[in-house]
file data-v4.tsv (TSV, C-alpha atoms)
chain	number	residue	atom	x	y	z
A	1	MET	CA	-23.17	-27.91	-52.73
A	2	ASN	CA	-19.58	-28.17	-51.48
A	3	GLN	CA	-17.01	-27.31	-54.12
A	4	MET	CA	-13.98	-29.50	-54.85
A	5	PRO	CA	-10.87	-28.09	-56.58
A	6	LYS	CA	-11.53	-26.99	-60.13
A	7	VAL	CA	-10.92	-29.47	-62.92
A	8	SER	CA	-8.62	-28.17	-65.63
A	9	ALA	CA	-8.70	-28.56	-69.40
A	10	GLU	CA	-7.59	-31.86	-70.90
A	11	PRO	CA	-4.17	-32.99	-69.63
A	12	PRO	CA	-1.40	-32.62	-72.26
A	13	ASP	CA	-0.58	-36.34	-72.18
A	14	GLU	CA	-4.15	-37.26	-73.15
A	15	VAL	CA	-4.11	-34.69	-75.94
A	16	ASP	CA	-0.83	-36.09	-77.28
A	17	LEU	CA	-2.14	-39.66	-77.20
A	18	CYS	CA	-5.23	-38.72	-79.20
A	19	SER	CA	-3.53	-36.92	-82.09
A	20	HIS	CA	-1.12	-38.31	-84.66
A	21	VAL	CA	0.94	-36.56	-87.33
A	22	MET	CA	-0.06	-37.74	-90.80
A	23	ALA	CA	1.36	-36.84	-94.20
A	24	GLY	CA	-0.76	-35.32	-96.96
A	25	GLU	CA	-0.62	-32.87	-99.84
A	26	LEU	CA	-1.79	-29.27	-100.07
A	27	ARG	CA	-3.07	-28.47	-103.57
A	28	PHE	CA	-3.69	-25.00	-105.06
A	29	ALA	CA	-5.96	-23.66	-107.79
A	30	ASP	CA	-3.02	-23.13	-110.17
A	31	GLY	CA	-2.28	-26.87	-110.11
A	32	SER	CA	0.75	-26.66	-107.84
A	33	ALA	CA	1.08	-28.66	-104.64
A	34	GLU	CA	3.33	-29.00	-101.63
A	35	PRO	CA	3.79	-31.61	-98.87
A	36	LEU	CA	1.54	-31.24	-95.84
A	37	THR	CA	1.64	-32.68	-92.34
A	38	TRP	CA	-1.45	-32.56	-90.11
A	39	GLN	CA	-2.35	-33.66	-86.62
A	40	LEU	CA	-5.34	-35.98	-86.97
A	41	PRO	CA	-7.52	-36.96	-83.99
A	42	GLU	CA	-8.13	-40.54	-82.94
A	43	GLU	CA	-11.58	-42.08	-83.47
A	44	VAL	CA	-12.04	-45.47	-81.80
A	45	ALA	CA	-14.84	-47.75	-80.68
A	46	VAL	CA	-15.58	-47.35	-76.97
A	47	ALA	CA	-17.62	-50.16	-75.43
A	48	LEU	CA	-19.62	-48.97	-72.43
A	49	GLN	CA	-20.39	-51.70	-69.92
A	50	ILE	CA	-22.57	-51.46	-66.84
A	51	ASN	CA	-21.64	-53.93	-64.11
A	52	SER	CA	-19.62	-55.79	-66.76
A	53	GLU	CA	-22.67	-56.18	-69.02
A	54	PRO	CA	-22.51	-54.61	-72.53
A	55	TYR	CA	-24.72	-51.54	-72.97
A	56	ALA	CA	-23.56	-49.51	-75.97
A	57	VAL	CA	-20.63	-48.98	-78.32
A	58	MET	CA	-19.77	-45.37	-79.12
A	59	MET	CA	-17.27	-43.90	-81.55
A	60	ALA	CA	-15.21	-41.36	-79.63
A	61	THR	CA	-11.85	-39.73	-79.05
A	62	PRO	CA	-10.16	-41.90	-76.37
A	63	ALA	CA	-9.48	-39.12	-73.85
A	64	ASN	CA	-11.24	-38.52	-70.53
A	65	LEU	CA	-13.17	-41.78	-70.82
A	66	ARG	CA	-14.00	-41.87	-67.10
A	67	ASP	CA	-15.65	-38.49	-67.53
A	68	PHE	CA	-17.46	-39.81	-70.60
A	69	ALA	CA	-18.84	-42.86	-68.82
A	70	ILE	CA	-20.07	-40.91	-65.79
A	71	GLY	CA	-21.50	-38.13	-67.93
A	72	PHE	CA	-23.26	-40.56	-70.27
A	73	MET	CA	-24.89	-42.38	-67.34
A	74	ILE	CA	-26.23	-39.09	-65.97
A	75	ALA	CA	-27.11	-37.39	-69.28
A	76	GLU	CA	-29.00	-40.43	-70.57
A	77	GLY	CA	-31.06	-40.69	-67.38
A	78	LEU	CA	-29.63	-44.05	-66.32
A	79	LEU	CA	-28.72	-42.61	-62.92
A	80	GLU	CA	-30.03	-39.67	-60.93
A	81	SER	CA	-26.75	-39.12	-59.12
A	82	ALA	CA	-23.11	-39.93	-59.78
A	83	SER	CA	-22.81	-40.94	-56.12
A	84	ALA	CA	-24.34	-44.31	-57.08
A	85	ILE	CA	-21.24	-45.10	-59.18
A	86	GLN	CA	-18.92	-47.39	-57.25
A	87	GLY	CA	-16.05	-47.39	-59.72
A	88	VAL	CA	-15.05	-46.90	-63.37
A	89	LEU	CA	-12.51	-49.14	-65.10
A	90	VAL	CA	-11.00	-48.03	-68.42
A	91	MET	CA	-9.10	-50.64	-70.40
A	92	PRO	CA	-7.79	-51.22	-73.92
A	93	VAL	CA	-9.44	-54.07	-75.83
A	94	GLU	CA	-9.00	-55.46	-79.30
A	95	GLY	CA	-10.28	-52.86	-81.74
A	96	GLY	CA	-10.75	-50.03	-79.24
A	97	MET	CA	-11.42	-49.27	-75.58
A	98	ALA	CA	-13.83	-50.57	-72.94
A	99	VAL	CA	-15.24	-48.65	-69.98
A	100	ASP	CA	-16.90	-50.69	-67.24
A	101	VAL	CA	-19.03	-48.78	-64.73
A	102	ALA	CA	-19.82	-50.45	-61.42
A	103	VAL	CA	-23.19	-49.26	-60.12
A	104	ALA	CA	-25.52	-50.27	-57.30
A	105	PRO	CA	-28.20	-52.18	-59.27
A	106	ASP	CA	-31.11	-50.60	-57.41
A	107	ALA	CA	-29.87	-47.13	-58.44
A	108	LEU	CA	-30.34	-47.78	-62.17
A	109	ASP	CA	-33.45	-46.59	-63.94
A	110	GLN	CA	-34.50	-49.90	-65.44
A	111	SER	CA	-36.77	-48.20	-67.98
A	112	ARG	CA	-33.63	-46.70	-69.54
A	113	MET	CA	-31.67	-49.93	-69.45
A	114	VAL	CA	-32.69	-51.24	-72.88
A	115	ARG	CA	-29.40	-51.83	-74.65
A	116	ARG	CA	-28.60	-49.78	-77.71
A	117	ALA	CA	-29.45	-51.96	-80.71
A	118	ILE	CA	-26.45	-50.83	-82.79
A	119	GLU	CA	-23.30	-48.84	-82.32
A	120	SER	CA	-23.60	-45.06	-81.97
A	121	ARG	CA	-21.59	-42.96	-84.39
A	122	SER	CA	-19.72	-39.90	-83.20
A	123	GLY	CA	-22.06	-37.57	-85.09
A	124	CYS	CA	-25.31	-39.03	-83.81
A	125	GLY	CA	-26.80	-39.10	-80.33
A	126	LEU	CA	-29.66	-41.44	-81.13
A	127	CYS	CA	-28.21	-44.41	-83.00
A	128	GLY	CA	-29.62	-47.60	-81.54
A	129	VAL	CA	-32.68	-46.07	-79.88
A	130	GLU	CA	-35.40	-48.54	-80.76
A	131	ASP	CA	-38.55	-46.42	-80.70
A	132	ILE	CA	-39.71	-42.79	-80.85
A	133	ALA	CA	-40.51	-42.66	-77.14
A	134	GLY	CA	-36.88	-43.51	-76.42
A	135	ALA	CA	-35.68	-40.63	-78.59
A	136	VAL	CA	-37.51	-37.64	-77.10
A	137	ARG	CA	-38.06	-38.49	-73.46
A	138	PRO	CA	-39.99	-36.42	-70.87
A	139	LEU	CA	-37.81	-33.90	-69.06
A	140	LYS	CA	-38.18	-32.43	-65.60
A	141	PRO	CA	-37.84	-28.61	-65.84
A	142	VAL	CA	-34.75	-27.13	-64.26
A	143	THR	CA	-34.90	-24.43	-61.60
A	144	ARG	CA	-32.91	-21.29	-62.28
A	145	THR	CA	-32.78	-17.83	-60.81
A	146	GLY	CA	-31.12	-15.93	-63.65
A	147	ALA	CA	-29.36	-16.15	-66.97
A	148	PRO	CA	-25.82	-15.57	-68.24
A	149	SER	CA	-25.04	-12.03	-69.35
A	150	ALA	CA	-24.10	-11.25	-72.94
A	151	ALA	CA	-20.74	-9.95	-71.68
A	152	ALA	CA	-19.96	-13.28	-69.96
A	153	ILE	CA	-20.96	-15.28	-73.04
A	154	LEU	CA	-18.93	-13.15	-75.45
A	155	ASN	CA	-15.89	-13.24	-73.19
A	156	ALA	CA	-16.04	-17.05	-73.03
A	157	ALA	CA	-16.47	-17.27	-76.81
A	158	LYS	CA	-13.32	-15.18	-77.28
A	159	VAL	CA	-11.24	-17.26	-74.88
A	160	LEU	CA	-12.49	-20.78	-75.68
A	161	PRO	CA	-10.38	-21.44	-78.83
A	162	GLY	CA	-7.22	-20.98	-76.80
A	163	LYS	CA	-8.48	-23.45	-74.18
A	164	GLN	CA	-9.12	-26.24	-76.69
A	165	LEU	CA	-5.74	-27.96	-76.49
A	166	MET	CA	-6.65	-30.80	-78.80
A	167	ASN	CA	-8.37	-28.63	-81.38
A	168	ARG	CA	-5.32	-26.37	-81.53
A	169	LEU	CA	-3.41	-29.38	-82.85
A	170	ASN	CA	-5.93	-30.79	-85.31
A	171	ARG	CA	-8.69	-28.18	-85.85
A	172	THR	CA	-11.15	-31.06	-86.02
A	173	VAL	CA	-12.81	-31.77	-82.64
A	174	HIS	CA	-15.79	-30.23	-80.86
A	175	GLY	CA	-15.39	-28.49	-77.53
A	176	ALA	CA	-17.73	-28.36	-74.54
A	177	ALA	CA	-16.83	-25.85	-71.84
A	178	TRP	CA	-18.13	-25.07	-68.36
A	179	VAL	CA	-18.19	-21.32	-67.86
A	180	SER	CA	-18.73	-19.42	-64.63
A	181	ASN	CA	-21.32	-16.66	-64.51
A	182	ASP	CA	-18.58	-14.05	-64.86
A	183	GLY	CA	-17.39	-15.58	-68.14
A	184	GLU	CA	-14.38	-17.59	-66.88
A	185	ILE	CA	-13.84	-20.94	-68.59
A	186	VAL	CA	-13.29	-23.53	-65.85
A	187	ILE	CA	-13.40	-26.93	-67.59
A	188	VAL	CA	-13.05	-27.97	-71.24
A	189	ARG	CA	-13.65	-31.39	-72.74
A	190	GLU	CA	-13.18	-32.29	-76.41
A	191	ASP	CA	-14.27	-35.07	-78.75
A	192	ILE	CA	-14.95	-35.75	-82.41
A	193	GLY	CA	-18.64	-36.00	-81.46
A	194	ARG	CA	-20.52	-33.07	-79.96
A	195	HIS	CA	-22.73	-35.36	-77.85
A	196	THR	CA	-19.70	-37.21	-76.51
A	197	ALA	CA	-17.91	-33.93	-75.74
A	198	LEU	CA	-20.92	-32.88	-73.66
A	199	ASP	CA	-21.02	-36.27	-71.91
A	200	LYS	CA	-17.36	-35.83	-70.98
A	201	LEU	CA	-18.01	-32.33	-69.65
A	202	ILE	CA	-20.99	-33.50	-67.59
A	203	GLY	CA	-18.86	-36.30	-66.15
A	204	ALA	CA	-16.12	-33.83	-65.22
A	205	LEU	CA	-18.71	-31.60	-63.53
A	206	MET	CA	-20.06	-34.54	-61.54
A	207	ARG	CA	-16.56	-35.70	-60.52
A	208	SER	CA	-15.65	-32.21	-59.26
A	209	ASN	CA	-18.97	-31.72	-57.42
A	210	THR	CA	-19.59	-28.55	-59.41
A	211	ASP	CA	-22.89	-26.76	-58.81
A	212	VAL	CA	-24.34	-27.03	-62.32
A	213	THR	CA	-26.70	-24.11	-61.67
A	214	SER	CA	-23.77	-21.72	-61.05
A	215	GLY	CA	-22.71	-21.19	-64.66
A	216	PHE	CA	-23.39	-22.30	-68.22
A	217	VAL	CA	-22.26	-24.71	-70.92
A	218	MET	CA	-20.75	-23.35	-74.12
A	219	MET	CA	-20.35	-25.64	-77.12
A	220	THR	CA	-18.58	-25.16	-80.44
A	221	SER	CA	-21.27	-27.07	-82.33
A	222	ARG	CA	-24.78	-26.56	-83.62
A	223	CYS	CA	-27.61	-27.00	-81.11
A	224	SER	CA	-29.56	-30.20	-81.65
A	225	PHE	CA	-32.31	-31.31	-79.30
A	226	GLU	CA	-30.06	-34.04	-77.84
A	227	LEU	CA	-27.77	-31.37	-76.37
A	228	VAL	CA	-30.78	-29.74	-74.71
A	229	GLN	CA	-31.98	-33.12	-73.47
A	230	LYS	CA	-28.62	-34.09	-71.99
A	231	SER	CA	-28.12	-30.68	-70.36
A	232	VAL	CA	-31.53	-30.63	-68.71
A	233	THR	CA	-31.22	-34.23	-67.53
A	234	ALA	CA	-27.92	-33.32	-65.84
A	235	GLY	CA	-29.53	-30.29	-64.13
A	236	ILE	CA	-27.66	-27.70	-66.21
A	237	THR	CA	-29.67	-24.48	-66.49
A	238	ALA	CA	-28.03	-22.64	-69.41
A	239	LEU	CA	-26.66	-23.74	-72.79
A	240	VAL	CA	-24.90	-21.60	-75.42
A	241	THR	CA	-23.86	-22.97	-78.81
A	242	VAL	CA	-22.13	-21.54	-81.87
A	243	SER	CA	-25.14	-21.83	-84.17
A	244	ALA	CA	-28.88	-21.50	-83.72
A	245	PRO	CA	-30.99	-24.36	-82.35
A	246	THR	CA	-33.45	-26.48	-84.24
A	247	VAL	CA	-37.15	-25.87	-83.61
A	248	LEU	CA	-37.34	-29.00	-81.47
A	249	ALA	CA	-34.31	-27.94	-79.43
A	250	ARG	CA	-35.80	-24.52	-78.81
A	251	ASN	CA	-39.20	-25.94	-77.85
A	252	LEU	CA	-37.65	-28.46	-75.45
A	253	ALA	CA	-35.60	-25.67	-73.87
A	254	GLU	CA	-38.75	-23.61	-73.34
A	255	LYS	CA	-40.63	-26.51	-71.75
A	256	SER	CA	-37.63	-27.34	-69.55
A	257	ASN	CA	-36.86	-23.75	-68.47
A	258	LEU	CA	-33.36	-24.00	-69.98
A	259	PHE	CA	-31.70	-20.74	-71.00
A	260	LEU	CA	-30.75	-21.21	-74.65
A	261	ALA	CA	-28.62	-18.91	-76.78
A	262	ALA	CA	-26.26	-18.89	-79.75
A	263	LEU	CA	-23.50	-16.66	-81.05
A	264	GLY	CA	-24.32	-14.49	-84.01
A	265	ALA	CA	-23.97	-11.09	-85.68
A	266	GLY	CA	-21.39	-9.94	-83.16
A	267	GLY	CA	-23.74	-10.51	-80.23
A	268	VAL	CA	-25.76	-13.18	-78.48
A	269	ALA	CA	-29.01	-14.48	-79.95
A	270	VAL	CA	-31.23	-15.58	-77.09
A	271	PHE	CA	-33.92	-18.13	-77.96
A	272	ASN	CA	-35.21	-18.93	-74.48
A	273	PRO	CA	-34.41	-16.14	-72.02

call {"tool": "encode", "arguments": {"input": "data-v4.tsv", "output": "C-alpha cells"}}
result
Amino acid sequence: MNQMPKVSAEPPDEVDLCSHVMAGELRFADGSAEPLTWQLPEEVAVALQINSEPYAVMMATPANLRDFAIGFMIAEGLLESASAIQGVLVMPVEGGMAVDVAVAPDALDQSRMVRRAIESRSGCGLCGVEDIAGAVRPLKPVTRTGAPSAAAILNAAKVLPGKQLMNRLNRTVHGAAWVSNDGEIVIVREDIGRHTALDKLIGALMRSNTDVTSGFVMMTSRCSFELVQKSVTAGITALVTVSAPTVLARNLAEKSNLFLAALGAGGVAVFNP
C-alpha cells in the first residue's frame, strides 16, 4: 500500500479547544485546603449522520471528529473501505456537534445499518445495540506474518505519556497510538472514551493510507472485547493495552489471529502470541 505523509499527534489548537481551566480545592488529611486549578476535558454529544440521516449519538471529546467518523464507520463494519466515503462535514449544533458522512449508498453494509436505539456513553461501546447478535459479531481473521517485539512495546510505553498532548493538560483522557514495528509512535489520538479514541486512531490511519499490518496499536486503557472487535474489523493485526484483557477479549483475539498483549510486571504479558 502506498504511504502518505505521516499524521502527527493532535494539533495544539484542537487540544486547547478541548480543555478548560476550572477552579477547585485541594484538601489534605489534616483538614487544611488550598485553591486548585485544573484543566478539564470537554465531553459533548456528537451526532453521527450518514448521508444526512441520523445514525447514533456519542459522547466524546470534540477533537479529530473527521477521524472519529471515518474510524467508526470502518470499525463498526458499516464500510469495508474508507474510499467509499465521499466527504465528511463537521458542524456545531445546539447542544453539541454533528458529523455528516457522505457515502455511496451501495457501499454500506445494510445489515449494520440499524440505528442505535439510544445514545452511546463515552465509557461504553455497546449502548444502543438492540440484540446479542449485534453485540458480538462474526469477525474475519486477520493475516499477519509476525508480532511486535517486547523491546518495541516497552519503548512505546515509555514514550507514549509524552505524546499525549491533551492528557498532559488534564490527566483524564485515554490515548490510542499507532506504533511502528521498531517502537516509534507515529500517530496519537485521545478521547474521554477508550472506544472513541480507537475510532479516531483508525480514522487517522485510513486517512493517511497507513498499512495497518505494519505496526501495532497501543492503548492506555483496559482491554475489553470491543477494542479487539474494532481492531480486527479495521484489519489491525496487533493490540497492546495497559491492563490484561477479559476472557472474551482474549478468546476473540485467538479466533481472529490478533496479537494481544498487556503491560505488566516490568515486561510484556502476551495473551495471544

call {"tool": "atom_distance", "arguments": {"input": "data-v4.tsv", "atom1": "CA of Asn64 (chain A)", "atom2": "CA of Lys140 (chain A)"}}
result
28.1 Å

call {"tool": "closest_residue", "arguments": {"input": "data-v4.tsv", "among": "A:Met166, A:Ile236, A:Leu89, A:Leu198", "to": "Val142 (chain A)", "atoms": "all atoms listed in the file"}}
result
A:Ile236

call {"tool": "residues_around", "arguments": {"input": "data-v4.tsv", "residues": "Leu201 (chain A)", "least_positions_apart": "2", "cutoff": "9 Å", "atoms": "all atoms listed in the file", "output": "ChimeraX atom specification"}}
result
/A:67-68,71,176-178,187-190,196-199,203-206,217

call {"tool": "closest_residue", "arguments": {"input": "data-v4.tsv", "among": "A:Leu78, A:Ala23, A:Val270, A:Leu248", "to": "Phe225 (chain A)", "atoms": "all atoms listed in the file"}}
result
A:Leu248

call {"tool": "closest_atom_pairs", "arguments": {"input": "data-v4.tsv", "of": "region 39-80 of chain A", "to": "region 226-231 of chain A", "cutoff": "9 Å", "atoms": "all atoms listed in the file", "output": "JSON lines"}}
result
{"residue": "A:Phe72", "atom": "CA", "partner": "A:Lys230", "partner_atom": "CA", "distance": 8.6}
{"residue": "A:Ile74", "atom": "CA", "partner": "A:Lys230", "partner_atom": "CA", "distance": 8.2}
{"residue": "A:Ala75", "atom": "CA", "partner": "A:Lys230", "partner_atom": "CA", "distance": 4.5}
{"residue": "A:Glu76", "atom": "CA", "partner": "A:Lys230", "partner_atom": "CA", "distance": 6.5}
{"residue": "A:Gly77", "atom": "CA", "partner": "A:Lys230", "partner_atom": "CA", "distance": 8.4}

call {"tool": "write_last_selection", "arguments": {"input": "data-v4.tsv", "atoms": "C-alpha atoms", "output": "PDB file, in the frame of the given file"}}
result
ATOM      1  CA  PHE A  72     -23.260 -40.560 -70.270  1.00  0.00           C
ATOM      2  CA  ILE A  74     -26.230 -39.090 -65.970  1.00  0.00           C
ATOM      3  CA  ALA A  75     -27.110 -37.390 -69.280  1.00  0.00           C
ATOM      4  CA  GLU A  76     -29.000 -40.430 -70.570  1.00  0.00           C
ATOM      5  CA  GLY A  77     -31.060 -40.690 -67.380  1.00  0.00           C
TER       6      GLY A  77
END

call {"tool": "residues_around", "arguments": {"input": "data-v4.tsv", "residues": "Val179 (chain A)", "least_positions_apart": "3", "cutoff": "7 Å", "atoms": "all atoms listed in the file", "output": "PyMOL selection string"}}
result
chain A and resi 183-186+215-217

call {"tool": "closest_residue", "arguments": {"input": "data-v4.tsv", "among": "A:Ala47, A:Ala262, A:Ala253, A:Ala63", "to": "Ala157 (chain A)", "atoms": "all atoms listed in the file"}}
result
A:Ala262

call {"tool": "build_atoms", "arguments": {"input": "data-v4.tsv", "residues": "region 190-210 of chain A", "atoms": "N, CA and C atoms", "output": "PDB file, in the coordinates of the input"}}
result
ATOM      1  N   GLU A 190     -13.140 -32.267 -74.951  1.00  0.00           N
ATOM      2  CA  GLU A 190     -13.180 -32.290 -76.410  1.00  0.00           C
ATOM      3  C   GLU A 190     -13.409 -33.695 -76.937  1.00  0.00           C
ATOM      4  N   ASP A 191     -14.040 -33.775 -78.112  1.00  0.00           N
ATOM      5  CA  ASP A 191     -14.270 -35.070 -78.750  1.00  0.00           C
ATOM      6  C   ASP A 191     -14.659 -34.824 -80.205  1.00  0.00           C
ATOM      7  N   ILE A 192     -14.498 -35.850 -81.034  1.00  0.00           N
ATOM      8  CA  ILE A 192     -14.950 -35.750 -82.410  1.00  0.00           C
ATOM      9  C   ILE A 192     -16.464 -35.615 -82.499  1.00  0.00           C
ATOM     10  N   GLY A 193     -17.183 -36.093 -81.490  1.00  0.00           N
ATOM     11  CA  GLY A 193     -18.640 -36.000 -81.460  1.00  0.00           C
ATOM     12  C   GLY A 193     -19.109 -34.952 -80.469  1.00  0.00           C
ATOM     13  N   ARG A 194     -20.055 -34.122 -80.869  1.00  0.00           N
ATOM     14  CA  ARG A 194     -20.520 -33.070 -79.960  1.00  0.00           C
ATOM     15  C   ARG A 194     -21.244 -33.661 -78.752  1.00  0.00           C
ATOM     16  N   HIS A 195     -22.021 -34.734 -78.968  1.00  0.00           N
ATOM     17  CA  HIS A 195     -22.730 -35.360 -77.850  1.00  0.00           C
ATOM     18  C   HIS A 195     -21.748 -35.949 -76.851  1.00  0.00           C
ATOM     19  N   THR A 196     -20.692 -36.585 -77.375  1.00  0.00           N
ATOM     20  CA  THR A 196     -19.700 -37.210 -76.510  1.00  0.00           C
ATOM     21  C   THR A 196     -18.889 -36.148 -75.772  1.00  0.00           C
ATOM     22  N   ALA A 197     -18.606 -35.027 -76.423  1.00  0.00           N
ATOM     23  CA  ALA A 197     -17.910 -33.930 -75.740  1.00  0.00           C
ATOM     24  C   ALA A 197     -18.742 -33.436 -74.560  1.00  0.00           C
ATOM     25  N   LEU A 198     -20.058 -33.330 -74.759  1.00  0.00           N
ATOM     26  CA  LEU A 198     -20.920 -32.880 -73.660  1.00  0.00           C
ATOM     27  C   LEU A 198     -20.990 -33.933 -72.563  1.00  0.00           C
ATOM     28  N   ASP A 199     -21.063 -35.214 -72.932  1.00  0.00           N
ATOM     29  CA  ASP A 199     -21.020 -36.270 -71.910  1.00  0.00           C
ATOM     30  C   ASP A 199     -19.769 -36.156 -71.062  1.00  0.00           C
ATOM     31  N   LYS A 200     -18.622 -35.949 -71.716  1.00  0.00           N
ATOM     32  CA  LYS A 200     -17.360 -35.830 -70.980  1.00  0.00           C
ATOM     33  C   LYS A 200     -17.383 -34.632 -70.035  1.00  0.00           C
ATOM     34  N   LEU A 201     -17.933 -33.512 -70.513  1.00  0.00           N
ATOM     35  CA  LEU A 201     -18.010 -32.330 -69.650  1.00  0.00           C
ATOM     36  C   LEU A 201     -18.911 -32.591 -68.458  1.00  0.00           C
ATOM     37  N   ILE A 202     -20.074 -33.208 -68.695  1.00  0.00           N
ATOM     38  CA  ILE A 202     -20.990 -33.500 -67.590  1.00  0.00           C
ATOM     39  C   ILE A 202     -20.313 -34.425 -66.577  1.00  0.00           C
ATOM     40  N   GLY A 203     -19.579 -35.421 -67.065  1.00  0.00           N
ATOM     41  CA  GLY A 203     -18.860 -36.300 -66.150  1.00  0.00           C
ATOM     42  C   GLY A 203     -17.832 -35.551 -65.324  1.00  0.00           C
ATOM     43  N   ALA A 204     -17.110 -34.627 -65.951  1.00  0.00           N
ATOM     44  CA  ALA A 204     -16.120 -33.830 -65.220  1.00  0.00           C
ATOM     45  C   ALA A 204     -16.798 -32.953 -64.171  1.00  0.00           C
ATOM     46  N   LEU A 205     -17.967 -32.415 -64.501  1.00  0.00           N
ATOM     47  CA  LEU A 205     -18.710 -31.600 -63.530  1.00  0.00           C
ATOM     48  C   LEU A 205     -19.153 -32.438 -62.347  1.00  0.00           C
ATOM     49  N   MET A 206     -19.623 -33.666 -62.615  1.00  0.00           N
ATOM     50  CA  MET A 206     -20.060 -34.540 -61.540  1.00  0.00           C
ATOM     51  C   MET A 206     -18.867 -34.941 -60.653  1.00  0.00           C
ATOM     52  N   ARG A 207     -17.728 -35.247 -61.275  1.00  0.00           N
ATOM     53  CA  ARG A 207     -16.560 -35.700 -60.520  1.00  0.00           C
ATOM     54  C   ARG A 207     -15.998 -34.588 -59.632  1.00  0.00           C
ATOM     55  N   SER A 208     -16.175 -33.336 -60.041  1.00  0.00           N
ATOM     56  CA  SER A 208     -15.650 -32.210 -59.260  1.00  0.00           C
ATOM     57  C   SER A 208     -16.701 -31.594 -58.336  1.00  0.00           C
ATOM     58  N   ASN A 209     -17.888 -32.227 -58.267  1.00  0.00           N
ATOM     59  CA  ASN A 209     -18.970 -31.720 -57.420  1.00  0.00           C
ATOM     60  C   ASN A 209     -19.333 -30.270 -57.732  1.00  0.00           C
ATOM     61  N   THR A 210     -19.260 -29.905 -59.004  1.00  0.00           N
ATOM     62  CA  THR A 210     -19.590 -28.550 -59.410  1.00  0.00           C
ATOM     63  C   THR A 210     -21.099 -28.314 -59.329  1.00  0.00           C
TER      64      THR A 210
END
